[in-house]
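Participant: My structure file coords02.cif, mmCIF, C-alpha atoms (C1' of nucleotides), is below:
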```
data_start
loop_
_atom_site.group_PDB
_atom_site.id
_atom_site.type_symbol
_atom_site.label_atom_id
_atom_site.label_comp_id
_atom_site.auth_asym_id
_atom_site.auth_seq_id
_atom_site.Cartn_x
_atom_site.Cartn_y
_atom_site.Cartn_z
ATOM 1 C CA MET A 25 37.622 56.440 -15.496
ATOM 2 C CA PRO A 26 34.410 57.462 -16.689
ATOM 3 C CA GLU A 27 34.109 56.287 -20.271
ATOM 4 C CA LEU A 28 31.832 57.897 -22.839
ATOM 5 C CA PRO A 29 28.475 57.117 -21.134
ATOM 6 C CA GLU A 30 29.668 58.405 -17.771
ATOM 7 C CA VAL A 31 31.170 61.567 -19.279
ATOM 8 C CA GLN A 32 27.952 62.179 -21.224
ATOM 9 C CA THR A 33 25.850 61.713 -18.082
ATOM 10 C CA ILE A 34 28.011 64.170 -16.154
ATOM 11 C CA ILE A 35 27.817 66.724 -18.957
ATOM 12 C CA ASP A 36 24.013 66.451 -19.150
ATOM 13 C CA ASP A 37 23.762 66.885 -15.381
ATOM 14 C CA LEU A 38 26.067 69.892 -15.313
ATOM 15 C CA ALA A 39 24.257 71.497 -18.250
ATOM 16 C CA ASP A 40 21.007 71.205 -16.278
ATOM 17 C CA LYS A 41 22.433 72.535 -13.081
ATOM 18 C CA ILE A 42 24.881 75.308 -13.898
ATOM 19 C CA THR A 43 24.304 76.615 -17.435
ATOM 20 C CA GLY A 44 24.068 80.411 -17.339
ATOM 21 C CA LYS A 45 25.559 80.728 -13.882
ATOM 22 C CA ARG A 46 28.198 83.352 -13.155
ATOM 23 C CA ILE A 47 31.516 82.386 -11.581
ATOM 24 C CA VAL A 48 31.975 84.508 -8.457
ATOM 25 C CA GLU A 49 34.896 82.824 -6.753
ATOM 26 C CA ILE A 50 37.468 80.107 -7.341
ATOM 27 C CA ASP A 51 39.069 77.988 -4.678
ATOM 28 C CA LEU A 52 42.165 76.309 -6.072
ATOM 29 C CA ILE A 53 43.229 73.732 -3.508
ATOM 30 C CA THR A 54 45.648 71.732 -5.677
ATOM 31 C CA PRO A 55 47.294 74.014 -8.261
ATOM 32 C CA SER A 56 48.801 71.084 -10.176
ATOM 33 C CA VAL A 57 45.358 70.036 -11.479
ATOM 34 C CA TRP A 58 45.851 72.674 -14.156
ATOM 35 C CA ARG A 59 47.687 70.798 -16.877
ATOM 36 C CA ASP A 60 49.462 73.763 -18.459
ATOM 37 C CA GLY A 61 49.673 76.137 -15.548
ATOM 38 C CA ILE A 62 47.146 78.107 -13.524
ATOM 39 C CA PRO A 63 44.991 80.405 -15.665
ATOM 40 C CA GLN A 64 44.798 84.071 -14.722
ATOM 41 C CA PRO A 65 41.876 84.379 -12.272
ATOM 42 C CA GLU A 66 40.319 87.186 -14.339
ATOM 43 C CA LEU A 67 39.953 84.694 -17.200
ATOM 44 C CA LEU A 68 37.321 82.878 -15.174
ATOM 45 C CA LEU A 69 35.962 85.277 -12.552
ATOM 46 C CA GLY A 70 32.798 87.112 -13.523
ATOM 47 C CA THR A 71 32.181 85.056 -16.643
ATOM 48 C CA LYS A 72 29.203 82.737 -17.186
ATOM 49 C CA ILE A 73 28.905 79.056 -18.003
ATOM 50 C CA LYS A 74 27.683 79.089 -21.603
ATOM 51 C CA ASN A 75 27.384 75.452 -22.683
ATOM 52 C CA PHE A 76 28.971 72.009 -22.571
ATOM 53 C CA GLU A 77 30.476 69.720 -25.146
ATOM 54 C CA ARG A 78 32.037 66.278 -25.095
ATOM 55 C CA ALA A 79 35.153 65.394 -27.096
ATOM 56 C CA GLY A 80 35.735 61.666 -26.625
ATOM 57 C CA LYS A 81 36.167 61.400 -22.868
ATOM 58 C CA HIS A 82 37.041 65.087 -22.492
ATOM 59 C CA ILE A 83 34.554 67.579 -21.096
ATOM 60 C CA LEU A 84 34.530 71.058 -22.628
ATOM 61 C CA ILE A 85 32.940 73.881 -20.658
ATOM 62 C CA HIS A 86 32.490 76.905 -22.896
ATOM 63 C CA LEU A 87 32.419 80.224 -21.065
ATOM 64 C CA SER A 88 30.630 83.383 -22.157
ATOM 65 C CA ASN A 89 33.949 85.249 -22.405
ATOM 66 C CA LYS A 90 35.106 82.994 -25.284
ATOM 67 C CA ASN A 91 37.310 80.796 -23.153
ATOM 68 C CA THR A 92 36.889 77.047 -22.706
ATOM 69 C CA ILE A 93 37.755 74.835 -19.778
ATOM 70 C CA ILE A 94 38.833 71.332 -20.857
ATOM 71 C CA ILE A 95 38.630 68.544 -18.311
ATOM 72 C CA HIS A 96 39.788 64.940 -18.413
ATOM 73 C CA LEU A 97 38.667 62.800 -15.467
ATOM 74 C CA LYS A 98 41.023 59.859 -16.180
ATOM 75 C CA MET A 99 40.363 57.015 -13.694
ATOM 76 C CA THR A 100 38.857 58.603 -10.595
ATOM 77 C CA GLY A 101 37.988 62.204 -11.433
ATOM 78 C CA LYS A 102 34.559 63.504 -10.429
ATOM 79 C CA LEU A 103 32.665 66.681 -11.219
ATOM 80 C CA THR A 104 29.759 67.426 -8.934
ATOM 81 C CA VAL A 105 27.532 70.385 -8.191
ATOM 82 C CA ASN A 106 27.310 70.979 -4.466
ATOM 83 C CA LYS A 107 25.859 73.440 -2.006
ATOM 84 C CA HIS A 108 28.430 75.750 -0.437
ATOM 85 C CA HIS A 109 27.874 74.135 2.943
ATOM 86 C CA ASP A 110 28.298 70.510 1.775
ATOM 87 C CA PRO A 111 31.358 69.056 3.542
ATOM 88 C CA ILE A 112 34.440 69.231 1.342
ATOM 89 C CA SER A 113 36.112 65.915 0.560
ATOM 90 C CA LYS A 114 39.763 65.118 1.155
ATOM 91 C CA HIS A 115 40.380 64.872 -2.599
ATOM 92 C CA THR A 116 38.607 67.980 -3.828
ATOM 93 C CA HIS A 117 41.166 69.981 -5.805
ATOM 94 C CA LEU A 118 39.182 72.838 -7.314
ATOM 95 C CA VAL A 119 35.920 74.598 -6.487
ATOM 96 C CA ILE A 120 34.255 76.951 -8.952
ATOM 97 C CA LYS A 121 31.691 78.954 -7.012
ATOM 98 C CA PHE A 122 28.415 80.462 -8.192
ATOM 99 C CA ALA A 123 26.026 82.562 -6.108
ATOM 100 C CA ARG A 124 23.979 79.670 -4.760
ATOM 101 C CA ASP A 125 26.045 76.540 -5.431
ATOM 102 C CA GLU A 126 29.424 75.388 -6.736
ATOM 103 C CA LEU A 127 31.153 72.957 -9.122
ATOM 104 C CA ARG A 128 33.751 70.704 -7.512
ATOM 105 C CA PHE A 129 36.548 68.755 -9.174
ATOM 106 C CA ASN A 130 37.535 65.791 -7.062
ATOM 107 C CA ASP A 131 40.100 63.131 -7.945
ATOM 108 C CA VAL A 132 41.567 60.543 -5.574
ATOM 109 C CA ARG A 133 44.425 59.498 -7.822
ATOM 110 C CA ARG A 134 45.094 62.935 -9.319
ATOM 111 C CA PHE A 135 45.516 61.595 -12.865
ATOM 112 C CA GLY A 136 42.798 63.930 -14.116
ATOM 113 C CA TYR A 137 43.510 67.468 -15.272
ATOM 114 C CA LEU A 138 42.018 70.759 -16.403
ATOM 115 C CA ASP A 139 43.063 73.186 -19.090
ATOM 116 C CA CYS A 140 41.813 76.639 -19.965
ATOM 117 C CA ILE A 141 42.214 78.087 -23.451
ATOM 118 C CA GLU A 142 40.576 80.548 -25.813
ATOM 119 C CA SER A 143 37.662 78.813 -27.524
ATOM 120 C CA SER A 144 38.979 79.897 -30.933
ATOM 121 C CA GLN A 145 42.196 77.966 -30.275
ATOM 122 C CA LEU A 146 40.476 74.651 -29.505
ATOM 123 C CA SER A 147 41.309 73.179 -32.889
ATOM 124 C CA LYS A 148 44.980 73.671 -32.070
ATOM 125 C CA VAL A 149 44.872 71.616 -28.887
ATOM 126 C CA GLU A 150 46.927 68.619 -29.887
ATOM 127 C CA TYR A 151 45.366 66.010 -27.628
ATOM 128 C CA LEU A 152 41.904 66.954 -28.953
ATOM 129 C CA ALA A 153 42.984 67.074 -32.579
ATOM 130 C CA ARG A 154 44.369 63.556 -32.322
ATOM 131 C CA LEU A 155 41.019 62.045 -31.272
ATOM 132 C CA GLY A 156 39.364 59.694 -33.740
ATOM 133 C CA PRO A 157 35.667 59.907 -34.635
ATOM 134 C CA ASP A 158 33.253 59.654 -31.719
ATOM 135 C CA SER A 159 32.049 56.119 -31.015
ATOM 136 C CA LEU A 160 28.425 57.293 -30.760
ATOM 137 C CA LYS A 161 28.488 59.090 -34.075
ATOM 138 C CA ILE A 162 30.775 57.095 -36.342
ATOM 139 C CA PRO A 163 28.916 55.569 -39.327
ATOM 140 C CA ALA A 164 29.289 51.818 -39.888
ATOM 141 C CA ASP A 165 31.236 52.134 -43.132
ATOM 142 C CA GLU A 166 33.783 54.490 -41.577
ATOM 143 C CA PHE A 167 34.148 52.215 -38.549
ATOM 144 C CA ILE A 168 34.815 49.239 -40.799
ATOM 145 C CA ARG A 169 37.324 51.213 -42.842
ATOM 146 C CA LEU A 170 39.263 52.258 -39.724
ATOM 147 C CA ILE A 171 39.381 48.773 -38.227
ATOM 148 C CA ARG A 172 39.658 46.532 -41.253
ATOM 149 C CA SER A 173 43.023 45.122 -42.267
ATOM 150 C CA ARG A 174 44.869 46.280 -39.185
ATOM 151 C CA LYS A 175 47.188 43.815 -37.527
ATOM 152 C CA ARG A 176 46.604 44.930 -33.938
ATOM 153 C CA THR A 177 44.150 43.127 -31.697
ATOM 154 C CA ILE A 178 40.582 44.347 -31.948
ATOM 155 C CA LYS A 179 40.644 45.197 -28.250
ATOM 156 C CA SER A 180 43.617 47.526 -28.574
ATOM 157 C CA LEU A 181 42.011 49.302 -31.543
ATOM 158 C CA LEU A 182 38.777 49.879 -29.642
ATOM 159 C CA LEU A 183 40.722 51.307 -26.705
ATOM 160 C CA ASP A 184 42.822 53.585 -28.900
ATOM 161 C CA GLN A 185 41.263 57.068 -28.704
ATOM 162 C CA GLU A 186 43.027 58.052 -31.926
ATOM 163 C CA VAL A 187 41.187 55.320 -33.808
ATOM 164 C CA ILE A 188 37.765 55.764 -32.234
ATOM 165 C CA ALA A 189 37.032 58.044 -29.279
ATOM 166 C CA GLY A 190 35.017 57.263 -26.178
ATOM 167 C CA LEU A 191 35.357 53.552 -25.467
ATOM 168 C CA GLY A 192 37.300 52.331 -22.452
ATOM 169 C CA ASN A 193 37.878 48.963 -20.853
ATOM 170 C CA ILE A 194 34.307 48.230 -19.727
ATOM 171 C CA TYR A 195 32.475 49.070 -22.923
ATOM 172 C CA SER A 196 35.095 47.485 -25.203
ATOM 173 C CA ASP A 197 34.692 44.207 -23.354
ATOM 174 C CA GLU A 198 30.898 44.428 -23.321
ATOM 175 C CA ALA A 199 30.698 45.295 -27.034
ATOM 176 C CA LEU A 200 33.062 42.457 -28.012
ATOM 177 C CA PHE A 201 30.955 40.012 -26.008
ATOM 178 C CA ALA A 202 27.760 41.243 -27.659
ATOM 179 C CA ALA A 203 29.348 40.876 -31.104
ATOM 180 C CA ARG A 204 30.849 37.472 -30.141
ATOM 181 C CA ILE A 205 34.400 38.525 -31.021
ATOM 182 C CA ASP A 206 37.449 37.286 -29.106
ATOM 183 C CA PRO A 207 39.213 40.454 -27.828
ATOM 184 C CA SER A 208 42.651 39.043 -28.685
ATOM 185 C CA ARG A 209 41.841 38.538 -32.371
ATOM 186 C CA SER A 210 43.797 40.490 -34.912
ATOM 187 C CA ALA A 211 41.391 43.031 -36.415
ATOM 188 C CA GLY A 212 42.430 42.119 -39.938
ATOM 189 C CA GLY A 213 41.002 38.620 -39.665
ATOM 190 C CA ILE A 214 37.504 39.744 -38.752
ATOM 191 C CA SER A 215 34.895 39.718 -41.523
ATOM 192 C CA THR A 216 33.232 42.935 -42.673
ATOM 193 C CA ALA A 217 29.861 41.533 -41.636
ATOM 194 C CA ARG A 218 31.150 40.873 -38.145
ATOM 195 C CA LEU A 219 32.658 44.357 -37.889
ATOM 196 C CA LYS A 220 29.323 45.779 -38.915
ATOM 197 C CA LYS A 221 27.721 43.812 -36.118
ATOM 198 C CA LEU A 222 30.342 45.119 -33.688
ATOM 199 C CA HIS A 223 29.575 48.673 -34.750
ATOM 200 C CA GLY A 224 25.888 48.087 -33.988
ATOM 201 C CA CYS A 225 26.715 46.525 -30.608
ATOM 202 C CA ILE A 226 28.936 49.454 -29.614
ATOM 203 C CA LEU A 227 26.154 51.898 -30.397
ATOM 204 C CA ALA A 228 23.485 49.875 -28.598
ATOM 205 C CA ILE A 229 25.597 49.370 -25.477
ATOM 206 C CA LEU A 230 26.666 52.996 -25.237
ATOM 207 C CA GLN A 231 23.072 54.154 -25.616
ATOM 208 C CA ALA A 232 21.821 51.671 -23.014
ATOM 209 C CA ALA A 233 24.592 52.734 -20.651
ATOM 210 C CA ILE A 234 23.735 56.416 -21.049
ATOM 211 C CA LYS A 235 20.103 55.570 -20.343
ATOM 212 C CA ALA A 236 21.207 53.779 -17.157
ATOM 213 C CA ARG A 237 23.331 56.836 -16.230
ATOM 214 C CA GLY A 238 26.665 55.018 -16.584
ATOM 215 C CA SER A 239 28.490 52.210 -14.779
ATOM 216 C CA SER A 240 29.579 52.596 -11.161
ATOM 217 C CA VAL A 241 32.148 49.895 -10.530
ATOM 218 C CA SER A 242 33.880 51.805 -7.765
ATOM 219 C CA ASN A 243 34.331 55.559 -7.893
ATOM 220 C CA TYR A 244 32.103 56.923 -10.614
ATOM 221 C CA VAL A 245 29.248 59.255 -9.689
ATOM 222 C CA ASP A 246 27.161 61.638 -11.799
ATOM 223 C CA GLY A 247 26.905 65.410 -11.486
ATOM 224 C CA SER A 248 24.723 65.034 -8.396
ATOM 225 C CA GLY A 249 27.070 62.587 -6.700
ATOM 226 C CA LYS A 250 24.846 59.586 -7.431
ATOM 227 C CA ARG A 251 25.982 56.218 -8.771
ATOM 228 C CA GLY A 252 24.992 54.856 -12.169
ATOM 229 C CA ASP A 253 23.101 51.596 -12.770
ATOM 230 C CA PHE A 254 24.684 50.027 -15.840
ATOM 231 C CA GLN A 255 27.067 47.813 -13.839
ATOM 232 C CA LYS A 256 23.983 45.695 -13.133
ATOM 233 C CA TYR A 257 23.806 44.879 -16.826
ATOM 234 C CA HIS A 258 27.471 44.033 -17.436
ATOM 235 C CA LYS A 259 27.677 40.614 -19.039
ATOM 236 C CA VAL A 260 31.449 40.112 -18.878
ATOM 237 C CA TYR A 261 33.211 43.060 -17.226
ATOM 238 C CA GLY A 262 33.901 42.211 -13.597
ATOM 239 C CA ARG A 263 32.266 38.786 -14.003
ATOM 240 C CA SER A 264 35.339 36.552 -14.323
ATOM 241 C CA GLY A 265 34.670 33.106 -12.904
ATOM 242 C CA GLN A 266 30.922 33.574 -13.206
ATOM 243 C CA PRO A 267 28.853 31.731 -15.840
ATOM 244 C CA CYS A 268 28.385 33.255 -19.275
ATOM 245 C CA VAL A 269 24.797 34.497 -19.591
ATOM 246 C CA ARG A 270 24.596 32.846 -23.020
ATOM 247 C CA CYS A 271 26.280 29.474 -22.622
ATOM 248 C CA GLY A 272 27.191 29.028 -18.957
ATOM 249 C CA THR A 273 30.939 28.766 -19.581
ATOM 250 C CA SER A 274 33.028 30.464 -16.907
ATOM 251 C CA ILE A 275 33.974 34.042 -17.943
ATOM 252 C CA LYS A 276 37.731 34.419 -18.386
ATOM 253 C CA LYS A 277 39.946 37.348 -17.493
ATOM 254 C CA ARG A 278 43.223 37.879 -19.321
ATOM 255 C CA ILE A 279 45.530 40.817 -19.948
ATOM 256 C CA ILE A 280 45.212 41.989 -23.551
ATOM 257 C CA SER A 281 46.854 45.174 -24.700
ATOM 258 C CA GLY A 282 47.857 45.903 -21.136
ATOM 259 C CA ARG A 283 44.308 45.858 -19.776
ATOM 260 C CA SER A 284 42.413 43.068 -18.082
ATOM 261 C CA SER A 285 39.920 41.757 -20.573
ATOM 262 C CA HIS A 286 36.787 39.810 -19.721
ATOM 263 C CA PHE A 287 35.315 37.402 -22.226
ATOM 264 C CA CYS A 288 33.637 34.058 -22.864
ATOM 265 C CA SER A 289 36.083 31.695 -24.570
ATOM 266 C CA ARG A 290 33.200 29.689 -26.012
ATOM 267 C CA CYS A 291 30.891 32.437 -27.318
ATOM 268 C CA GLN A 292 33.607 34.786 -28.525
ATOM 269 C CA ARG A 293 35.729 33.631 -31.452
ATOM 270 C "C1'" DG E 12 53.561 44.802 -28.055
ATOM 271 C "C1'" DA E 13 55.180 44.841 -23.270
ATOM 272 C "C1'" DC E 14 55.981 47.813 -19.252
ATOM 273 C "C1'" DA E 15 56.563 51.437 -16.204
ATOM 274 C "C1'" DA E 16 54.935 55.737 -14.757
ATOM 275 C "C1'" DC E 17 51.607 58.983 -12.801
ATOM 276 C "C1'" DC E 18 48.635 58.351 -7.589
ATOM 277 C "C1'" DT E 19 45.564 56.570 -3.736
ATOM 278 C "C1'" DG E 20 42.692 53.206 -1.788
ATOM 279 C "C1'" DA E 21 40.366 48.765 -1.535
ATOM 280 C "C1'" DC E 22 40.877 44.173 -0.946
ATOM 281 C "C1'" DC E 23 43.268 39.497 -0.148
ATOM 282 C "C1'" DG N 17 52.946 42.522 2.204
ATOM 283 C "C1'" DG N 18 51.120 42.173 -2.722
ATOM 284 C "C1'" DT N 19 47.601 43.019 -6.430
ATOM 285 C "C1'" DC N 20 44.379 45.559 -8.768
ATOM 286 C "C1'" DA N 21 41.637 49.650 -10.546
ATOM 287 C "C1'" DG N 22 36.280 53.090 -15.946
ATOM 288 C "C1'" DG N 23 43.187 56.226 -18.579
ATOM 289 C "C1'" DT N 24 46.952 57.868 -21.032
ATOM 290 C "C1'" DT N 25 51.809 58.568 -22.219
ATOM 291 C "C1'" DG N 26 56.445 57.567 -22.844
ATOM 292 C "C1'" DT N 27 60.163 54.084 -23.076
ATOM 293 C "C1'" DC N 28 62.431 50.002 -24.845
#
```
Could you render the structure from this file as structure tokens?
Facilitator:
Amino acid sequence: MPELPEVQTIIDDLADKITGKRIVEIDLITPSVWRDGIPQPELLLGTKIKNFERAGKHILIHLSNKNTIIIHLKMTGKLTVNKHHDPISKHTHLVIKFARDELRFNDVRRFGYLDCIESSQLSKVEYLARLGPDSLKIPADEFIRLIRSRKRTIKSLLLDQEVIAGLGNIYSDEALFAARIDPSRSAGGISTARLKKLHGCILAILQAAIKARGSSVSNYVDGSGKRGDFQKYHKVYGRSGQPCVRCGTSIKKRIISGRSSHFCSRCQR
DNA sequence: GACAACCTGACC
DNA sequence: GGTCAGGTTGTC
């Protein structure tokens, strides 16, 4: 999926393109994309797009009628703004139409979902309430406190959205490389100084990735349907077998915490 | 912590 | 044919 930088890029694009627009029609092609059932059409029709918010990797679209659409793109979900006459793709599941253009939800693997609830009830949405602090906003001392003296591998903690929200497989691997930490290390054995460094690396990489409009490894595109550029700057993700940019050692790939992890066995300890 | 499940498509 | 994929959840 889109991780934090990709979700942020999409949100910024959508905010530019459709804020203030009135929903005039909805084309629900795949009803099952609504996680908890199809919302009453009158909940959406005639209302305006008020503003956008990101909660970890979730996208929140606040509507002027005090309802909020929550979207999770999972692995292959896309949200794009299209002209009415743009050809519809095989995997477009929902189209929210405005007078002059439309928002399309597309998802090849159909892992992604949407939800619609009253904005005042957002704090009661369990999967949002469980999210840890945002990885772009968490202060260093809080990060260290959450990670320190845990037995689990550092990689699994970074991936755990209840510990810290926003990182996925790409940016966890890239941040651990930057901080020179072996992804399979138990978090408890890592020094406070090194965790502080990791915190700084996470921030720097996420910011650089947002600036580059995200990583397009395969499916990801922004709100205009364009690919991101940050994959060009990946130092370990997707580079197994290639030389480490720091020491030349061949980048390894190993399953850690159920996800393939890319790292340099010489630089990362 | 390991694994399967949810799906489709790309690639070997 | 088999393996793998920016995620998450539920089961042993």
Participant: Selected by the PyMOL selection byres ((chain A) within 8 of (chain N)) in the shown coordinates: which residues, as a CSV table (one decimal) with C-alpha atoms, keeping the file's coordinate frame?
Facilitator:
```csv
chain,number,residue,atom,x,y,z
A,25,MET,CA,37.6,56.4,-15.5
A,26,PRO,CA,34.4,57.5,-16.7
A,27,GLU,CA,34.1,56.3,-20.3
A,98,LYS,CA,41.0,59.9,-16.2
A,99,MET,CA,40.4,57.0,-13.7
A,192,GLY,CA,37.3,52.3,-22.5
A,193,ASN,CA,37.9,49.0,-20.9
A,194,ILE,CA,34.3,48.2,-19.7
A,239,SER,CA,28.5,52.2,-14.8
A,241,VAL,CA,32.1,49.9,-10.5
A,244,TYR,CA,32.1,56.9,-10.6
```
Participant: So, with only C-alpha atoms (C1' of nucleotides) as the atoms that count, which of A:Lys259, A:Lys148, A:Arg134, A:Arg204 lies closest to chain E?
Facilitator: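 Closest to chain E of all the choices is A:Arg134.
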Participant: Of the residues A:Ala232, A:Ile279, A:Leu219, A:Ala153, which is the one nearest to chain E, using all atoms listed in the file?
Facilitator: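 Smallest distance to chain E is found for A:Ile279.
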Participant: Could you spell out the hits of the PyMOL selection byres ((chain A) within 7 of (chain E)) on the shown file, as a list in words?
Facilitator: Val132, Arg133, Arg134 and Phe135 of chain A
Participant: Quick check, in Å to one decimal: how far apart do atom CA of A:Phe167 and atom CA of A:Lys179 lie?
Facilitator: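 Straight-line distance from atom CA of A:Phe167 to atom CA of A:Lys179 works out to 14.1 Å.
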Participant: Run the PyMOL selection byres ((chain A and resi 166) around 12) mentally over the shown coordinates, then write out the matched residues as an MDAnalysis selection string, using the chain letters and numbers from the document.
Facilitator: chainID A and resid 156:159 161:165 167:172 187:188 216 219:220 223
Participant: Could those residues be written to a file, using C-alpha atoms, as a JSON list (two decimals), in the coordinates of the input?
Facilitator:
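Result written to again.json:
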```
[["chain", "number", "residue", "atom", "x", "y", "z"],
["A", 156, "GLY", "CA", 39.36, 59.69, -33.74],
["A", 157, "PRO", "CA", 35.67, 59.91, -34.64],
["A", 158, "ASP", "CA", 33.25, 59.65, -31.72],
["A", 159, "SER", "CA", 32.05, 56.12, -31.02],
["A", 161, "LYS", "CA", 28.49, 59.09, -34.08],
["A", 162, "ILE", "CA", 30.78, 57.10, -36.34],
["A", 163, "PRO", "CA", 28.92, 55.57, -39.33],
["A", 164, "ALA", "CA", 29.29, 51.82, -39.89],
["A", 165, "ASP", "CA", 31.24, 52.13, -43.13],
["A", 167, "PHE", "CA", 34.15, 52.22, -38.55],
["A", 168, "ILE", "CA", 34.82, 49.24, -40.80],
["A", 169, "ARG", "CA", 37.32, 51.21, -42.84],
["A", 170, "LEU", "CA", 39.26, 52.26, -39.72],
["A", 171, "ILE", "CA", 39.38, 48.77, -38.23],
["A", 172, "ARG", "CA", 39.66, 46.53, -41.25],
["A", 187, "VAL", "CA", 41.19, 55.32, -33.81],
["A", 188, "ILE", "CA", 37.76, 55.76, -32.23],
["A", 216, "THR", "CA", 33.23, 42.94, -42.67],
["A", 219, "LEU", "CA", 32.66, 44.36, -37.89],
["A", 220, "LYS", "CA", 29.32, 45.78, -38.92],
["A", 223, "HIS", "CA", 29.58, 48.67, -34.75]]
```
Participant: In Å to one decimal, how far is atom CA of A:Ile141 from atom CA of A:Lys81?
Facilitator: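 Computed distance, atom CA of A:Lys81 to atom CA of A:Ile141, equals 17.8 Å.
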Participant: Would you compute the distance between atom CA of A:Thr273 and atom CA of A:Gly252? Give it in Å to one decimal.
Facilitator: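 So the two atoms, atom CA of A:Thr273 and atom CA of A:Gly252, lie 27.8 Å apart.
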Participant: Name all residues at most 10 Å from A:His286 (count only C-alpha atoms (C1' of nucleotides); drop same-chain ones fewer than 2 positions away) and give them as a PyMOL selection string.
Facilitator: chain A and resi 193-194+196-198+200-201+206-207+259-265+275-280+283-284+288-289
Participant: Restricting it to C-alpha atoms, dump the selection as a PDB file, in the coordinates of the input.
Facilitator:
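To be explicit, this is the file written out as result10.pdb:
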```pdb
ATOM      1  CA  ASN A 193      37.878  48.963 -20.853  1.00  0.00           C
ATOM      2  CA  ILE A 194      34.307  48.230 -19.727  1.00  0.00           C
ATOM      3  CA  SER A 196      35.095  47.485 -25.203  1.00  0.00           C
ATOM      4  CA  ASP A 197      34.692  44.207 -23.354  1.00  0.00           C
ATOM      5  CA  GLU A 198      30.898  44.428 -23.321  1.00  0.00           C
ATOM      6  CA  LEU A 200      33.062  42.457 -28.012  1.00  0.00           C
ATOM      7  CA  PHE A 201      30.955  40.012 -26.008  1.00  0.00           C
ATOM      8  CA  ASP A 206      37.449  37.286 -29.106  1.00  0.00           C
ATOM      9  CA  PRO A 207      39.213  40.454 -27.828  1.00  0.00           C
ATOM     10  CA  LYS A 259      27.677  40.614 -19.039  1.00  0.00           C
ATOM     11  CA  VAL A 260      31.449  40.112 -18.878  1.00  0.00           C
ATOM     12  CA  TYR A 261      33.211  43.060 -17.226  1.00  0.00           C
ATOM     13  CA  GLY A 262      33.901  42.211 -13.597  1.00  0.00           C
ATOM     14  CA  ARG A 263      32.266  38.786 -14.003  1.00  0.00           C
ATOM     15  CA  SER A 264      35.339  36.552 -14.323  1.00  0.00           C
ATOM     16  CA  GLY A 265      34.670  33.106 -12.904  1.00  0.00           C
ATOM     17  CA  ILE A 275      33.974  34.042 -17.943  1.00  0.00           C
ATOM     18  CA  LYS A 276      37.731  34.419 -18.386  1.00  0.00           C
ATOM     19  CA  LYS A 277      39.946  37.348 -17.493  1.00  0.00           C
ATOM     20  CA  ARG A 278      43.223  37.879 -19.321  1.00  0.00           C
ATOM     21  CA  ILE A 279      45.530  40.817 -19.948  1.00  0.00           C
ATOM     22  CA  ILE A 280      45.212  41.989 -23.551  1.00  0.00           C
ATOM     23  CA  ARG A 283      44.308  45.858 -19.776  1.00  0.00           C
ATOM     24  CA  SER A 284      42.413  43.068 -18.082  1.00  0.00           C
ATOM     25  CA  CYS A 288      33.637  34.058 -22.864  1.00  0.00           C
ATOM     26  CA  SER A 289      36.083  31.695 -24.570  1.00  0.00           C
TER      27      SER A 289
END
```
Participant: If we count all atoms listed in the file, what is near A:Asn75 at a cut-off of 9 Å, once residues fewer than 6 positions away on the same chain are taken out, given as a ChimeraX atom specification?
Facilitator: /A:39,43-44,84-88
Participant: If you keep C-alpha atoms, can you produce a file of those selected residues as an mmCIF file, keeping the file's coordinate frame?
Facilitator:
```
data_model
loop_
_atom_site.group_PDB
_atom_site.id
_atom_site.type_symbol
_atom_site.label_atom_id
_atom_site.label_comp_id
_atom_site.auth_asym_id
_atom_site.auth_seq_id
_atom_site.Cartn_x
_atom_site.Cartn_y
_atom_site.Cartn_z
ATOM 1 C CA ALA A 39 24.257 71.497 -18.250
ATOM 2 C CA THR A 43 24.304 76.615 -17.435
ATOM 3 C CA GLY A 44 24.068 80.411 -17.339
ATOM 4 C CA LEU A 84 34.530 71.058 -22.628
ATOM 5 C CA ILE A 85 32.940 73.881 -20.658
ATOM 6 C CA HIS A 86 32.490 76.905 -22.896
ATOM 7 C CA LEU A 87 32.419 80.224 -21.065
ATOM 8 C CA SER A 88 30.630 83.383 -22.157
#
```
